[in-house]
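Trainee: Below are the structure tokens for one structure; questions will follow.
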Amino acid sequence: MELNDIIRPENRVYKKPSLLNDAHMHYCPGCSHGVVHKLVAEVIEEMGLQEKAIGVSPVGCAVFAYNYIDIDWLEAAHGRAPAMATATKRLMPDKLVFTYQGDGDLSAIGTAETIHAANRGENIVIIFINNAIYGMTGGQMAPTTLLGQKTATCPYGRRADLNGYPLAISNLLAQLDGTCYVTRQTVYSPAAVRKTKAALKKAFQNSMDGKGCSVVEVVSTCNTGWKLTPVKANEWLQENMFAKYPLGDLKNNE
Amino acid sequence: MKEEIVIAGFGGQGVLSMGKILAYSGLMEDKEVTWMPSYGPEQRGGTANVTVIVSDERISSPILNMYDTAVVLNQQSLDKFEKMVKPGGVLIYDSYGINTPPTRTDIKIYRIEATEATIEINNSKAFNMIVLGAYLKVKPVVTIENVLKGLKKTLPERHWHLIPMNEEALKKGATLIKE
Amino acid sequence: MNDKVTLMKGNEALAVAAIRYGADGYFGYPITPQSEVLEKLEEEMPWETTGMVVLQAESEVAAINMVYAGASCGKTVLTSTSSPGFSLMQEGMSYMAASEVPALVINVMRGGPGLGTIHPSQADYFQAVKGGGHGDYRLITLAPASVQEMVDFVALGWDLAFKYRAVSMILADGVIGQMMEKVVLPEQRPRHTEEWIRENCPWAVNGRKGMRPKNIITSLELDDDKMEENNHRFQATYREIEKNEQRCELINTDDCDYLIVAFGSMARISQKAMELAAEEGIKVGIARPITLWPFPVDAIRKAAQGVKGILSVELSAGQMIEDIKLATECNYPVDLFCRLGGNVPAPDEILNALKEKLVNKLG
């Protein structure tokens, strides 16, 4: 059998989604963002929503998401993505509108916009990358930073008496009448990636069906911020993050 | 024709709405009008006043320091606005609760018993319409007919049945003016 | 009298004018003295008629970012607020300027600084005309002096915003917002269709219909050279606006000894002061800037010719006076009369100030 006999469409087992372009990503090797970007592109393509999708990128590591996924994008001021998504979806209800936000953007500076967009039941999807640290600005403490976890602004480990407690904001969002689907997923293994993909698909479908606000939290790694190798970061994630941020659906209104 | 009026009293006496009805009536006569209220927390129980200007020509300032007519409905407003009536102008005041009556001799002063008139016609809500009736007797800047038209414009339809009662109050007010 | 003529509060007139223009969306947060804008919109329920979206946001910060998004989608959107709320919106204003999106923002000013008072003020002049947020940008700033202009400037504001891909603002004050006047309402215009937006706003974020190249609205450009280039493009637009869009009303300026420059409610009150001055034989003219940015330099210069002195009448502690001095290149004595913190002068106060500061000194 020649190589050319193998390279045939029917033999293809994996393909990069066509909405994910060839631009060189600025993400660190080992970062979860790349995986989630691919899933977003893949799901939009599979659902045939490429002409209707509008993403709102945050301030944070994912600020340049618009450079990698070939749909229309808005780039929000820090924390304001849910407000922008609100207006976009209300003005164009036939579009798929989602935000893509990190833990600083969503659960610190943008808490008000997040909670109120969710509580109003805006028909948007909020994709929440929770890696318990500020990546872009160089590894400072996030609201989701674990107790004892060291960051540039809690160099001796987060202390409740000094810095308060880690914020499981998805649990808060699940309690709001406006959310229809709140789930916590991760992408450290192929099985987890498949589950996250299914969650995104459900969330996007909810948006198109006008069911309310869907939140997909992805418990993620930031190996650079955590000062670990990618493999060690995956291990640290399993050993530490899931205790505070357990996986699974927090709410699922069928 | 240009008439510059201030109406002043306690919040709740219908000062602002009386001004509004007058302004609408002016509009019905195709006149230029402005209605400029004092606004804010003082409206709730404190003093309230409104400046209404009805004119044949374009109106410059909605805020004035001198008025052709002052309609005052409590002592505080009387103290404040008596001195702001133009010489030869008109001051109309409700006698109720007035301890220090006006003293100027270069203006025409009308003391009316509007609060008592509400008791006579058994309708305390018509107070401002009684006062308006008195004012229009002195200064017929708009016709009663146009006041009623203006009322119709400001009131939601479910309240239109109150218009005859308001007409009665306007007429009652006119009888309070004694030369 | 036809039924388009009515009596309306300035704030309510803004709301009705927005609906009639064919607005797609209003996003705002209540604050005195302009809450009637949102109240009137909710009462009118335009979503049942024109399809306009009306949303009470959770804050001014959210509201301005909703407007930013709507504008980025090529939609005809607005917000309204008063001074403390406008301060909160500055970040969004800067982002919109940097993203070159057309929007309408209304500030019905109240007394500051801080929480201040709820009464009329013009102390956000600098914040409006010099760009209140970060970076080099300008806002087309329209100053209505009547309820009719509240209506007319909604249309003018959006027309200019779409013409230049810039943010227009209506800078009113509590007097104009709260007073009622006779007003002629325009005919209802249809909202822009998606086809119109795709044709006229090819940059708009509205989905890759027909898999057109993707549109991105962002204010971020980390390459300094490219960001400098962007800035030069913004400035070129601003110079174009300065050239084309200066507006000013001149009253009795052909033969006057003293010139009052005032905008909004202060121009109205100054007119009465001018009438009082005429009774005393003092010849006063008024220049009323309608656009505060671009400042009507040419008209002010023309009006100033031959006058003995100029009085800037403001509800701020000497803000517009700087632009008057720049416009007249300090060739004339210019003095200031102001009331602050929510106080509004009566016409005689302005006349007395004119006499004290100019007439008695300059003869």
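For the structure tokens, the naming scheme is as follows: chains receive sequential letters (A, B, ...) according to their order of presentation, residues are indexed from 1 within each chain, and ligands are indexed from 1 in presentation order.
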Which residues of chain C are close to chain B, meaning at most 8 Å apart when you count only C-alpha atoms, and how do they look as a list in words?
Mentor: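 Only these qualify: Met1, Thr6, Leu7, Ile118, His119, Val175, Gln178, Met179, Met180, Glu181, Lys182, Ser265, Arg268, Ile269, Ser270, Gln271, Lys272, Ala346, Pro347 and Asp348 of chain C.
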Trainee: Taking N, CA and C atoms for each residue, export the selection above as a PDB file, in the first residue's frame.
Mentor:
ATOM      1  N   MET C   1     -54.123  73.210  14.624  1.00  0.00           N
ATOM      2  CA  MET C   1     -52.900  72.620  15.180  1.00  0.00           C
ATOM      3  C   MET C   1     -52.826  71.140  14.783  1.00  0.00           C
ATOM      4  N   THR C   6     -46.855  68.981  20.018  1.00  0.00           N
ATOM      5  CA  THR C   6     -47.281  68.623  21.364  1.00  0.00           C
ATOM      6  C   THR C   6     -46.412  69.326  22.391  1.00  0.00           C
ATOM      7  N   LEU C   7     -46.761  69.134  23.639  1.00  0.00           N
ATOM      8  CA  LEU C   7     -46.001  69.716  24.735  1.00  0.00           C
ATOM      9  C   LEU C   7     -45.263  68.565  25.404  1.00  0.00           C
ATOM     10  N   ILE C 118     -28.618  67.310  42.147  1.00  0.00           N
ATOM     11  CA  ILE C 118     -29.391  66.821  41.004  1.00  0.00           C
ATOM     12  C   ILE C 118     -29.839  67.977  40.120  1.00  0.00           C
ATOM     13  N   HIS C 119     -29.340  69.168  40.416  1.00  0.00           N
ATOM     14  CA  HIS C 119     -29.799  70.345  39.671  1.00  0.00           C
ATOM     15  C   HIS C 119     -28.854  70.713  38.531  1.00  0.00           C
ATOM     16  N   VAL C 175     -32.053  71.839  33.080  1.00  0.00           N
ATOM     17  CA  VAL C 175     -33.107  72.782  32.668  1.00  0.00           C
ATOM     18  C   VAL C 175     -33.794  72.263  31.404  1.00  0.00           C
ATOM     19  N   GLN C 178     -35.707  68.935  32.016  1.00  0.00           N
ATOM     20  CA  GLN C 178     -36.898  68.934  32.861  1.00  0.00           C
ATOM     21  C   GLN C 178     -38.001  69.859  32.379  1.00  0.00           C
ATOM     22  N   MET C 179     -37.668  70.816  31.516  1.00  0.00           N
ATOM     23  CA  MET C 179     -38.744  71.756  31.137  1.00  0.00           C
ATOM     24  C   MET C 179     -39.597  71.188  30.008  1.00  0.00           C
ATOM     25  N   MET C 180     -40.820  71.712  29.945  1.00  0.00           N
ATOM     26  CA  MET C 180     -41.719  71.328  28.855  1.00  0.00           C
ATOM     27  C   MET C 180     -41.852  72.503  27.906  1.00  0.00           C
ATOM     28  N   GLU C 181     -41.851  72.187  26.631  1.00  0.00           N
ATOM     29  CA  GLU C 181     -42.065  73.200  25.613  1.00  0.00           C
ATOM     30  C   GLU C 181     -42.848  72.593  24.470  1.00  0.00           C
ATOM     31  N   LYS C 182     -43.313  73.486  23.629  1.00  0.00           N
ATOM     32  CA  LYS C 182     -43.983  73.030  22.411  1.00  0.00           C
ATOM     33  C   LYS C 182     -42.941  72.374  21.506  1.00  0.00           C
ATOM     34  N   SER C 265     -29.104  75.907  28.203  1.00  0.00           N
ATOM     35  CA  SER C 265     -30.016  76.734  28.987  1.00  0.00           C
ATOM     36  C   SER C 265     -29.437  78.120  29.237  1.00  0.00           C
ATOM     37  N   ARG C 268     -30.333  80.565  26.633  1.00  0.00           N
ATOM     38  CA  ARG C 268     -31.726  81.032  26.737  1.00  0.00           C
ATOM     39  C   ARG C 268     -31.840  82.138  27.787  1.00  0.00           C
ATOM     40  N   ILE C 269     -31.232  81.896  28.946  1.00  0.00           N
ATOM     41  CA  ILE C 269     -31.343  82.873  30.029  1.00  0.00           C
ATOM     42  C   ILE C 269     -30.588  84.151  29.648  1.00  0.00           C
ATOM     43  N   SER C 270     -29.466  83.967  28.950  1.00  0.00           N
ATOM     44  CA  SER C 270     -28.696  85.136  28.510  1.00  0.00           C
ATOM     45  C   SER C 270     -29.490  85.985  27.520  1.00  0.00           C
ATOM     46  N   GLN C 271     -30.351  85.339  26.745  1.00  0.00           N
ATOM     47  CA  GLN C 271     -31.172  86.091  25.796  1.00  0.00           C
ATOM     48  C   GLN C 271     -32.092  87.057  26.524  1.00  0.00           C
ATOM     49  N   LYS C 272     -32.636  86.593  27.618  1.00  0.00           N
ATOM     50  CA  LYS C 272     -33.488  87.461  28.432  1.00  0.00           C
ATOM     51  C   LYS C 272     -32.640  88.603  28.998  1.00  0.00           C
ATOM     52  N   ALA C 346     -30.624  83.838  37.386  1.00  0.00           N
ATOM     53  CA  ALA C 346     -31.754  84.499  36.758  1.00  0.00           C
ATOM     54  C   ALA C 346     -31.193  85.531  35.777  1.00  0.00           C
ATOM     55  N   PRO C 347     -32.024  85.985  34.834  1.00  0.00           N
ATOM     56  CA  PRO C 347     -31.518  86.914  33.806  1.00  0.00           C
ATOM     57  C   PRO C 347     -30.864  88.165  34.384  1.00  0.00           C
ATOM     58  N   ASP C 348     -31.420  88.711  35.476  1.00  0.00           N
ATOM     59  CA  ASP C 348     -30.842  89.954  36.007  1.00  0.00           C
ATOM     60  C   ASP C 348     -29.449  89.741  36.570  1.00  0.00           C
TER      61      ASP C 348
END
Trainee: Output the contact residues of chain A with respect to chain C at a cut-off of 6 Å, based on only C-alpha atoms, as a list of chain:residue names.
Mentor: A:Glu51, A:Lys52, A:Ala53, A:Ile71, A:Asp72, A:Trp73, A:Leu74, A:Glu75, A:Ala83, A:Met84, A:Ala87, A:Thr88
Trainee: From stretch 178-326 of chain C, collect each residue whose DSSP state is helix (DSSP H, G or I) and return the set as a PyMOL selection string.
Mentor: chain C and resi 178+194-200+209-211+224-244+264-279+297-304+320-326
Trainee: Tell me, as an mmCIF file with N, CA and C atoms, in the first residue's frame, which residues lie within 8 Å of C:Asn11, counting only C-alpha atoms; anything in the same chain fewer than 3 positions away does not count.
Mentor:
data_model
loop_
_atom_site.group_PDB
_atom_site.id
_atom_site.type_symbol
_atom_site.label_atom_id
_atom_site.label_comp_id
_atom_site.auth_asym_id
_atom_site.auth_seq_id
_atom_site.Cartn_x
_atom_site.Cartn_y
_atom_site.Cartn_z
ATOM 1 N N LEU C 14 -36.484 63.330 23.996
ATOM 2 C CA LEU C 14 -35.341 62.526 23.542
ATOM 3 C C LEU C 14 -35.800 61.105 23.226
ATOM 4 N N ALA C 15 -36.620 60.563 24.125
ATOM 5 C CA ALA C 15 -37.084 59.186 23.967
ATOM 6 C C ALA C 15 -37.933 59.042 22.705
ATOM 7 N N GLN C 34 -32.499 62.649 34.437
ATOM 8 C CA GLN C 34 -32.843 62.237 33.070
ATOM 9 C C GLN C 34 -33.565 60.902 33.018
ATOM 10 N N SER C 35 -34.028 60.409 34.164
ATOM 11 C CA SER C 35 -34.648 59.079 34.185
ATOM 12 C C SER C 35 -35.889 58.997 33.303
ATOM 13 N N GLU C 36 -36.486 60.145 33.000
ATOM 14 C CA GLU C 36 -37.682 60.133 32.143
ATOM 15 C C GLU C 36 -37.400 59.559 30.757
ATOM 16 N N VAL C 37 -36.141 59.574 30.330
ATOM 17 C CA VAL C 37 -35.836 59.031 29.001
ATOM 18 C C VAL C 37 -36.190 57.543 28.977
ATOM 19 N N MET C 150 -33.763 69.149 21.395
ATOM 20 C CA MET C 150 -33.557 67.801 21.948
ATOM 21 C C MET C 150 -34.011 66.783 20.899
ATOM 22 N N ILE C 176 -32.986 71.955 30.394
ATOM 23 C CA ILE C 176 -33.547 71.522 29.110
ATOM 24 C C ILE C 176 -34.222 70.154 29.262
ATOM 25 N N GLY C 177 -33.669 69.322 30.138
ATOM 26 C CA GLY C 177 -34.238 67.993 30.342
ATOM 27 C C GLY C 177 -35.581 68.023 31.046
ATOM 28 N N GLN C 178 -35.707 68.935 32.016
ATOM 29 C CA GLN C 178 -36.898 68.934 32.861
ATOM 30 C C GLN C 178 -38.001 69.859 32.379
#
Trainee: Excluding B:Ala48 and residues on its chain fewer than 5 positions from it, collect all residues at most 9 Å away from it, counting only C-alpha atoms, and give them as a count of residues only.
Mentor: 15
Trainee: Suppose you want the space between atom CA of A:Val218 and atom CA of A:Ile133; what is it in Å?
Mentor: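 Rounded to one decimal, the two atoms are 13.5 Å apart.
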Trainee: Quick one: everything within 7 Å of stretch 219-228 of chain A, counting only C-alpha atoms, minus sequence neighbours fewer than 3 positions away in the same chain. Send it as an MDAnalysis selection string.
Mentor: chainID A and resid 30:32 129:131 133 135 138:139 185:187 232:234 237
Trainee: Tell me which protein, DNA and RNA residues are within 10 Å of A:Met47, counting only C-alpha atoms, leaving out same-chain ones fewer than 5 positions away, and put them as a ChimeraX atom specification.
Mentor: /A:42,201,204-205
Trainee: Can I get the selected residues back with C-alpha atoms, as a short mmCIF file (atom, residue, chain, number, x, y, z; two decimals), in the first residue's frame?
Mentor:
data_model
loop_
_atom_site.label_atom_id
_atom_site.label_comp_id
_atom_site.auth_asym_id
_atom_site.auth_seq_id
_atom_site.Cartn_x
_atom_site.Cartn_y
_atom_site.Cartn_z
CA GLU A 42 -15.37 22.59 15.68
CA LYS A 201 -22.85 21.95 21.69
CA PHE A 204 -24.91 26.72 21.71
CA GLN A 205 -28.15 24.90 20.93
#
Trainee: Mind giving me the straight-line distance from atom CA of C:Val129 to atom CA of C:His192 in Å, one decimal?
Mentor: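 That distance, rounded to one decimal, is 29.2 Å.
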Trainee: Which is closer to A:Tyr181 than all the others in A:Asn4, A:Thr144, A:Ser207, A:Asn163, using only C-alpha atoms?
Mentor: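 Closest to A:Tyr181, using only C-alpha atoms: A:Ser207.
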